[in-house]
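Report on the structure given below.
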Amino acid sequence: MLYPEMNVSRALIDLSGIWEFQLAQAEGFKEKWTKVPFEHPEHIAVPASYNDQKEGTQFRDHYGWAVYQKKLEIPVMLKKERVVLRFGSVTQAARVYLNGTLICTHKGGFLPFEVEINPYLEEENLLCVAVDNRVNYGTLPIGNEAGAAFFGSDLPDIESVRNMKARPQNLPNFDFFNYAGIHRPVKLYTTPWNYIKDITIVPDIEGTDGIVQYQIDCEGSGDLHVEIYDEAGQKVCEGFEPEGTLRIPDAHLWEPGNAYLYQACVTFGEDSYTQSFGIRTVRVEGTRFLINNKPFYFKGFGKHEDSAVHGRGLDEALNVKDLSLMNWLHANSFRTSHYPYSEEMMNLCDREGIVVIDETPAVGLNFGWDDTEGFAKFRTKEHHEDVIRDMIARDKNHPCVVMWSIANEPDTEKQPQASYDYFKPLYDLAHACDPQDRPVTLVICQNDYIRDLVAPAMDVICFNRYYGWYVYGGNLEISKEAFEYEMKYWAELGKPAMITEYGADTVAGLHSATPNMFTEEYQMEYYRAMNAVLDQCPFIIGEQMWNFADFATIQGVMRVDGNKKGLFTRDRRPKLAAHYFRQRWEEIPDFGYKK
């Protein structure tokens with residue numbers, strides 16, 4: 001799916017701003033809301049989560065449907081073209097109505113969808129978007145279906161407790177807040193009726209030349225022309241067929257920290273589109289991860305799309321700030337934990353030279369199950385396949401994306417063969433979907449790793465480990481020994497491996513001369529101990545700590561105002577360990593660190 005752009009043949013209208021809004025129920029919403037304006041609406045900003053924009057638990061802890069409305073008037077001259085309504089993401093599921101007619105539905109909260117709206121347009125239009133935030137065994141991420149929570153103000157006797165009414169609520173099987181709403185931009189764009197549907201670019205390197213395999217998918221008829229331009233605006237090659245191979249003499253390569261982007265300018269009849277791309281290669285060889293045939297070392301984080309007020313909504317200023325802080329730290333990468341991030345962030349990483357591990361929202365395929373049920377209790381397989389297809393279709397041309405992660409922390413231990421039978425076909429699907437055939441991984445949790453059949457089947461072994469926090473918390477000496485013992489096992493497999501989460505909750509400003517859990521000193525000493533082990537392992541190709549910044553979670557006794565494992569506070573103030581990593585990563589080169 002092409003990212004919408006405005007050019008000589010395409011108009012673009014951004015529908016961001018204040019929309020009218022109503023909370024509804026789990027059972028549904030009033031049908032008249034899809035046809036006539038609300039009588040007494042709330043007002044909500046789009047794009048953004050709705051949970052933190054208004055005060056009250058009815059917004060923060062809402063369960064079920066919510067409905068957005070916006071009046072639309074389409075300029076007459078645009079109605080002569082093909083008009084498309086596009087959503088960057090709506091969490092978790094959406095039903096879209098125009099003038100009372102259901103025009104599309106979508107499941108999944110982190111990828112775009114669009115619909116042609118010409119047949120439904122009137123002189124004045126009412127756009128209605130119904131959003132369902134419920135998570136369960138059929139959604140990604142997974143929600144628990146164990147039951148409902150009870151509530152009440154006074155508990156005078158046991159009979160009152162028995163008579164309390166159950167209040168349904170989301171019970172997420174994931175450790176981040178279940179933000180909901182229209183999270184990414186809503187846009188109208190036009191194309192001619194004969195138009196460019198998709199562009200696929202597969203780069204390669206031959207000597208000093210760049211090789212560009214391309215495929216242009218079009219609808220209708222027209223003359224096709226592909227021109228490749230460098231950053232100086234000079235045309236370097238061209239083609240006239242729907243697919244082919246072009247050569248760029250003495251090509252500039254896209255590399256971490258040194259991004260160089262070419263532009264593929266495509267015209268088809270009256271339509272045109274410009275697709276940026278980079279010349280770079282990615283492959284695994286032995287225990288090395290090679291970018292442009294050089295051994296790369298990942299230095300970075302797991303992250304979240306998370307900020308005050310916006311929630312999980314797009315915040316481009318914060319994206320710029322986060323990449324600036326990554327550069328300050330001499331980091332070179334992050335994982336889109338635990339869902340595909342916005343296209344705007346991916347475009348920015350292309351320009352800034354930040355390496356990305358692109359992850360599906362398949363998180364939560366673990367907690368609350370027993371040995372007899374296993375994966376049979378989840379209803380995710382078909383949706384999981386759709387998400388992999390859609391994620392790769394969206395992000396296939398991004399040079400910043402070097403690896404796909406198909407899940408985070410599933411239980412691969414209790415039923416090893418059942419886990420393998422679930423994930424191996426998804427691994428194969430990811431390879432089949434990617435024209436560039438990038439490496440595919442899956443991130444495993446702290447488990448009985450010797451029983452795990454899934455991790456060894458991946459191209460890169462990625463693991464989350466919390467020795468010194470959840471395991472042997474407070475005892476860094478024994479934690480280091482346990483970590484060293486485990487690394488001996490992974491070394492024997494002869495595959496590249498990296499740690500994709502490790503960390504300690506840290507309250508900013510809490511200090512102790514003797515490092516204790518939750519202090520800034522403990523977080524720093526924790527990382528010193530774990531990194532000493534990683535540095536001894538030549539098969540380790542990277543370290544991505546957890547987390548870039550503190551983030552919101554559900555309420556609970558394990559979390560005080562969210563997860564505090566960030567190197568930065570939620571408002572991006574550095575903790576002591578940030579200065580430690582800044583010095584460490586300055587001394588570790590992007591390439592050739594592990595000989």
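Following the order of the structure tokens, chains are lettered A, B, ..., residues in each are numbered from 1, and ligands are numbered from 1.
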
> Taking the backbone alone, and naming residues the way the document does, which bits of range 181-413 of chain A are strand (DSSP E) by DSSP, as a PyMOL selection string?
Replying inline: chain A and resi 181-182+186-191+195-206+209-219+224-229+235-239+243-248+262-268+271-277+282-285+288-291+294-295+298-302+333-335+355-359+401-408

> Skipping near chain neighbours, those fewer than 5 positions away, what residues fall within 12 Å of Pro425 in chain A using only C-alpha atoms, listed as a list in words?
Replying inline: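 Here the answer would be Lys381, Glu382, His384, Glu385, Ile388, Ile406, Ala418, Ser419, Tyr420, Ala430, His431, Ala432, Val440, Val454, Ala457 and Met458 of chain A.
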
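Each of A:Gln53, A:Ser405, A:Ser307, A:Asn99 was checked against Phe21 in chain A using only C-alpha atoms; the smallest atom-to-atom distance is that of A:Gln53.
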
> Which residues in range 212-436 of chain A does DSSP call alpha helix (DSSP H)? List them as number ranges by chain.
Replying inline: A: 316-329, 343-352, 381-395, 416-433

> Could you work out how far CA of Gly364 in chain A lies from CA of Leu140 in chain A, giving the answer in Å with one decimal?
Replying inline: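 We find that CA of Leu140 in chain A and CA of Gly364 in chain A lie 8.0 Å from each other.
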
> Which neighbours of range 489-491 of chain A fall inside 10 Å, counting only C-alpha atoms, when residues of the same chain fewer than 5 positions from it are skipped, and could you give them as a list of chain:residue names?
Replying inline: A:Thr287, A:Tyr449, A:Ile450, A:Pro456, A:Ile461, A:Glu484, A:Pro496, A:Ala497, A:Cys537, A:Pro538, A:Phe539, A:Ile540

>> With only C-alpha atoms as the counted atoms, please give the residues lying no more than 8 Å from Phe38 in chain A, apart from itself and same-chain residues fewer than 4 positions off, as number ranges by chain.
In response: A: 20-22, 33, 69

Selected residues written out with N, CA and C atoms, as a PDB file, in the first residue's frame:
```pdb
ATOM      1  N   GLU A  20     -16.192  15.175  16.483  1.00  0.00           N
ATOM      2  CA  GLU A  20     -17.220  14.951  17.489  1.00  0.00           C
ATOM      3  C   GLU A  20     -17.209  13.482  17.893  1.00  0.00           C
ATOM      4  N   PHE A  21     -17.616  13.204  19.134  1.00  0.00           N
ATOM      5  CA  PHE A  21     -17.284  11.909  19.726  1.00  0.00           C
ATOM      6  C   PHE A  21     -18.330  11.511  20.747  1.00  0.00           C
ATOM      7  N   GLN A  22     -18.581  10.201  20.814  1.00  0.00           N
ATOM      8  CA  GLN A  22     -19.458   9.639  21.844  1.00  0.00           C
ATOM      9  C   GLN A  22     -18.919   8.275  22.272  1.00  0.00           C
ATOM     10  N   TRP A  33     -26.472   7.204  15.015  1.00  0.00           N
ATOM     11  CA  TRP A  33     -25.207   7.931  15.044  1.00  0.00           C
ATOM     12  C   TRP A  33     -24.478   7.850  13.710  1.00  0.00           C
ATOM     13  N   GLN A  69     -17.444  11.293  14.669  1.00  0.00           N
ATOM     14  CA  GLN A  69     -18.151  11.872  13.524  1.00  0.00           C
ATOM     15  C   GLN A  69     -17.392  13.088  12.991  1.00  0.00           C
TER      16      GLN A  69
END
```

>> When you look at range 130-138 of chain A with a cut-off of 8 Å (counting only C-alpha atoms), what residues show up, excluding the ones that are within fewer than 4 positions of it in the same chain? I need them as a ChimeraX atom specification.
In response: /A:26,63-68,90-96,142-145,170-172,178-182,377-380,383

> Between CA of Arg438 in chain A and CA of Arg394 in chain A, what is the spacing in Å?
Replying inline: 14.5 Å

> So what do you get for CA of Phe375 in chain A versus CA of Thr441 in chain A, distance-wise?
Replying inline: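 Between CA of Phe375 in chain A and CA of Thr441 in chain A the gap is 19.0 Å.
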